[in-house]
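**Student:** Can you read through this structure? Questions will come right after.
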Amino acid sequence: MKTVVIGGGPAGLISAYFSALGGNDTVLIEKNEKLGKKLYITGKGRCNVTNDCTEEEFLENVVSNPKFLMGAIYRFSPDAFMSFLEKKTPLKTERGNRVYPLSDKASDITKCLESYLKEVGVEIKLSEKVLSIDQKDGQICSVTTEFSKIQCQKVIVCTGGVSYQSTGSTGDGYAFARSFGHTIVEPKPALCGINLKGDFYKSLQGISLKNVKLSVFRGEKEIFSDFGEMLFTHFGISGPIVLSASSYLNRCNLSDITLKLDLKPALSYEQLDARILRDFDKYKNKQIKNSLDDLLLKGLIPVVISASGVKGDIKNNEFKAESRKKLVEAIKGFEMRPYSLRDINEAIVTAGGVSVKEINPKTMESKLVKGLYFAGEVIDVDALTGGYNITIAACTGYVAGNS
Ligand SMILES: Cc1cc2nc3c(=O)[nH]c(=O)nc-3n(C[C@H](O)[C@H](O)[C@H](O)COP(=O)(O)OP(=O)(O)OC[C@H]3O[C@@H](n4cnc5c(N)ncnc54)[C@H](O)[C@@H]3O)c2cc1C
C-alpha cells in the first residue's frame, strides 16, 4: 500500500521505518534540506532521546492526555526504543535516568534513524513542502506538494507543533487536520520560561539556584511542586523546575496563580528559625541585612528582606521573634506572580494540537477520515523534560507506522 509520511522529525522517521518494514511502499517528505533539524538541537545538542523508566513512570511525566498514550507506550516502551536505537548507536544513561547517545551528538540519533530507513527502502524527498492532503469519498487519495501530486492510500502527519519554527515546525499539520474537520486544541507554550510581574527579578538576573522548591498555587490549592534548579533572567524565571511548572500553567488564568519559592526546603520552619538565631549570634550587633550571608546568596538578601516586610537596617539583637517569623516565611515561601508565559516559539514543546478525541489510540488513525494518521507533537500530548517528548514521537510513530 502506498503510504506518505509528512515530516522528517523523530515521529516521521520512526513511522516511515515501521510502515516500510510492514511492506508498504513508503515515501517520507520533509520540507527542510535535511532530516531531524529540531532533533539536532535537542538536549543542548546532545539529544536526551528517552528516559530509562517503566511505562507507569513514563505516563506520570506526561502532562496532557496520558491515557491516550497508554496503549502506544506499552507497545513501544522506553526499553524497546532504547534496544531499537542501540542496534546502531550506543547509548548512555545519566542523572534522572535521562538517556543520551554515547557520543553526546544528537546528529547520531538522526543518522541511526536514517540508516534504518535506508535498510527498508523508504524513499526520502527533501526540500519539498506538502501543501495539502486530498481525499475522495471519505478516503485519502493523494498528497500535493510544491512539485508533484503523489497518489497514496495512507498518510501519516508528523509535522510537529509550532515551537522553534525555524526548525520547520510551523503548524502545517493543524491546517491539514482542520481541512478534514478535525478539532485543534489551541496550541500553547509548554516547557518555557515565565514572565513575572513587578521588577524585583531584574536585580536578581543571572542568579541561579540549586536545591530549591517551586510550588504553584491556584488560589489556595497547590497544583504543582518540584524540587531542583532554576534561575532569574531579564524577564523573570527559567531553568528546569520553572519549565516543568509552565506546562501546568498554560491553561490557567494567571491572575489566580501564585508561585512560591522555598529557598531552604531541607529545613523546617523551626530549624530555619534556629539557624537564623545562630547566625545572629555569630554576627552580634550587625544589622539584619549583614547577618544572612551564610544562609542566602548575597544578591537575594535585600529582595528577601523586602518581601518579608521587616526592616533590614535594625540590629539583629533588637530583632523580635515576630519579625524573625516573617523572615522565615519569606525564605520558605518567597512569592512571585506570573505575568505570562514566554512566547510559544521559545517553548521547548507545544501543548495542544489535534484533539485526541478524534484519533484512535490503537492505530493513530483519524476517526473522521480513512487512511489519515497522526504521530508526534502534532497531537495534543506533551510531557515534562527528561526524554519523554521524543519518546512520545517514537511510540506514536511506531503505532501509526505499524497500522
Ligand atoms: C530546544 C529544544 C530542545 C529539546 N530537547 C528535547 C530533549 O532533549 N528530549 C526530548 O524528549 N525532547 C526534546 N525536545 C522536544 C522534541 O524535540 C520534540 O517533541 C520532537 O522533536 C517532536 O517530534 P516530531 O517528529 O513530532 O516533530 P518535529 O521534530 O518538529 O518534526 C516535524 C518535521 O515536519 C516537517 N514539516 C512540517 N510541515 C511540513 C510540510 N508541510 N511538508 C513537509 N515537511 C513538513 C518539519 O520541517 C519538521 O522537520 C526539545 C525541543 C526543543 C525546541
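In the C-alpha cells, the first chain shown is A, the next is B, and so on; residue numbers restart at 1 for each chain, and ligands run from 1 in the order shown.
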Run DSSP on the backbone and grab whatever in stretch 234-357 of chain A lands in helix (DSSP H, G or I); send it over as JSON, numbers by chain.

**Tutor:** {"A": [240, 241, 242, 243, 244, 245, 246, 247, 248, 249, 254, 255, 256, 269, 270, 271, 272, 273, 274, 275, 276, 277, 278, 279, 280, 281, 282, 288, 289, 290, 300, 301, 302, 303, 304, 305, 306, 307, 308, 316, 317, 318, 321, 322, 323, 324, 325, 326, 327, 328, 329, 330, 331, 332, 344, 345, 346, 356, 357]}

**Student:** Residues within 7 Å of ligand 1 (only C-alpha atoms and all ligand atoms), as a PyMOL selection string?

**Tutor:** chain A and resi 6-12+29-32+35-39+41-44+47-50+128-131+158-161+163-164+167-173+347-349+375-378+385-391+393

**Student:** Quick one, how far is atom CA of A:Ile223 from atom CA of A:Asp382?

**Tutor:**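 Separation between atom CA of A:Ile223 and atom CA of A:Asp382: 17.3 Å.
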
**Student:** Between atom CA of A:Phe58 and atom CA of A:Phe76, what is the distance, to one decimal in Å?

**Tutor:**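 It comes out at 11.8 Å.
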
**Student:** Looking at only C-alpha atoms, which of A:Lys88, A:Lys367, A:Lys213, A:Arg178 is the one that sits closest to A:Lys111?

**Tutor:**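 The shortest atom-to-atom distance to A:Lys111 comes from A:Lys88.
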
**Student:** Pick out each residue of stretch 61-198 of chain A that DSSP on the backbone tags as strand (DSSP E); I need them as a VMD selection string.

**Tutor:** chain A and resid 62 to 64 91 to 94 98 to 101 123 to 125 130 to 136 139 to 145 149 to 151 154 to 157 184 to 190 194 to 196

**Student:** Considering only C-alpha atoms, state which residue in the set A:Tyr339, A:Phe224, A:Phe200, A:Phe319 is at the smallest distance from A:Ser255.

**Tutor:**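 Residue with the minimum atom-to-atom distance to A:Ser255: A:Tyr339.
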
**Student:** Using only C-alpha atoms for the distances, tell me which of A:Lys221, A:Lys34, A:Lys154, A:Lys332 is nearest to A:Ile140.

**Tutor:**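 Selected residue with least distance to A:Ile140: A:Lys154.
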
**Student:** Pick out the residues sitting within 7 Å of stretch 242-252 of chain A, and hand them over as a short mmCIF file (atom, residue, chain, number, x, y, z; two decimals) with all heavy atoms, in the first residue's frame; count only C-alpha atoms, and ignore anything fewer than 6 positions along from it in its own chain.

**Tutor:**
data_model
loop_
_atom_site.label_atom_id
_atom_site.label_comp_id
_atom_site.auth_asym_id
_atom_site.auth_seq_id
_atom_site.Cartn_x
_atom_site.Cartn_y
_atom_site.Cartn_z
N LYS A 188 -0.46 25.96 22.90
CA LYS A 188 0.04 26.82 24.00
C LYS A 188 1.50 26.47 24.26
O LYS A 188 1.91 25.33 24.06
CB LYS A 188 -0.74 26.52 25.28
CG LYS A 188 -2.22 26.86 25.21
CD LYS A 188 -2.43 28.31 25.55
CE LYS A 188 -3.90 28.64 25.67
NZ LYS A 188 -4.12 30.05 25.87
N PRO A 189 2.28 27.44 24.77
CA PRO A 189 3.67 27.12 25.10
C PRO A 189 3.76 26.17 26.29
O PRO A 189 2.99 26.31 27.25
CB PRO A 189 4.28 28.48 25.45
CG PRO A 189 3.13 29.38 25.76
CD PRO A 189 1.92 28.84 25.06
N ALA A 190 4.65 25.22 26.22
CA ALA A 190 4.92 24.32 27.36
C ALA A 190 6.44 24.17 27.48
O ALA A 190 7.15 24.28 26.48
CB ALA A 190 4.27 22.97 27.14
N LEU A 191 6.90 23.94 28.69
CA LEU A 191 8.35 23.89 28.97
C LEU A 191 9.01 25.19 28.50
O LEU A 191 9.82 25.20 27.57
CB LEU A 191 9.01 22.68 28.28
CG LEU A 191 8.46 21.30 28.66
CD1 LEU A 191 9.20 20.21 27.91
CD2 LEU A 191 8.58 21.06 30.17
N CYS A 192 8.60 26.28 29.15
CA CYS A 192 9.16 27.58 28.76
C CYS A 192 9.38 28.43 30.02
O CYS A 192 8.89 28.07 31.10
CB CYS A 192 8.22 28.30 27.81
SG CYS A 192 6.62 28.67 28.54
N GLY A 193 10.05 29.55 29.86
CA GLY A 193 10.26 30.48 30.97
C GLY A 193 8.97 31.20 31.32
O GLY A 193 7.98 31.15 30.57
N ILE A 194 8.98 31.88 32.47
CA ILE A 194 7.79 32.59 32.95
C ILE A 194 8.13 34.07 33.14
O ILE A 194 9.08 34.40 33.86
CB ILE A 194 7.28 31.97 34.28
CG1 ILE A 194 6.94 30.49 34.08
CG2 ILE A 194 6.09 32.75 34.82
CD1 ILE A 194 6.53 29.76 35.36
N PHE A 224 1.04 22.22 41.50
CA PHE A 224 2.31 21.65 41.03
C PHE A 224 3.40 22.02 42.03
O PHE A 224 3.36 23.09 42.63
CB PHE A 224 2.68 22.22 39.66
CG PHE A 224 4.06 21.84 39.20
CD1 PHE A 224 4.30 20.60 38.63
CD2 PHE A 224 5.14 22.71 39.37
CE1 PHE A 224 5.59 20.23 38.25
CE2 PHE A 224 6.42 22.35 39.00
CZ PHE A 224 6.63 21.12 38.43
N MET A 230 16.76 26.41 39.23
CA MET A 230 16.08 27.45 38.44
C MET A 230 16.99 28.68 38.38
O MET A 230 18.02 28.72 39.07
CB MET A 230 14.74 27.83 39.07
CG MET A 230 14.85 28.35 40.48
SD MET A 230 13.35 29.18 41.02
CE MET A 230 13.60 30.81 40.36
N LEU A 384 6.88 16.37 30.39
CA LEU A 384 7.94 17.15 31.05
C LEU A 384 9.28 16.87 30.37
O LEU A 384 9.36 16.03 29.46
CB LEU A 384 7.99 16.78 32.54
CG LEU A 384 6.71 17.11 33.32
CD1 LEU A 384 6.85 16.68 34.77
CD2 LEU A 384 6.39 18.61 33.25
#

**Student:** Taking only C-alpha atoms into account, which of A:Phe217, A:Tyr74, A:Tyr174, A:Phe232 comes nearest A:Leu196?

**Tutor:** A:Phe232

**Student:** Could you check which of A:Ile150, A:Leu102, A:Ala80, A:Ala177 is closest to A:Leu28, using only C-alpha atoms?

**Tutor:**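 Under the stated criterion, the closest residue is A:Ile150.
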
**Student:** Rank A:Glu229, A:Gln271, A:Gly236, A:Arg218 by their smallest atom-to-atom distance to A:Asp256, using only C-alpha atoms, and report the top residue only.

**Tutor:**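 With only C-alpha atoms as the atom set, the closest residue is A:Arg218.
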
**Student:** Within 6 Å of stretch 285-291 of chain A, counting only C-alpha atoms, which residues show up once you throw out same-chain ones fewer than 6 positions away? Write them as number ranges by chain, please.

**Tutor:** A: 312-316
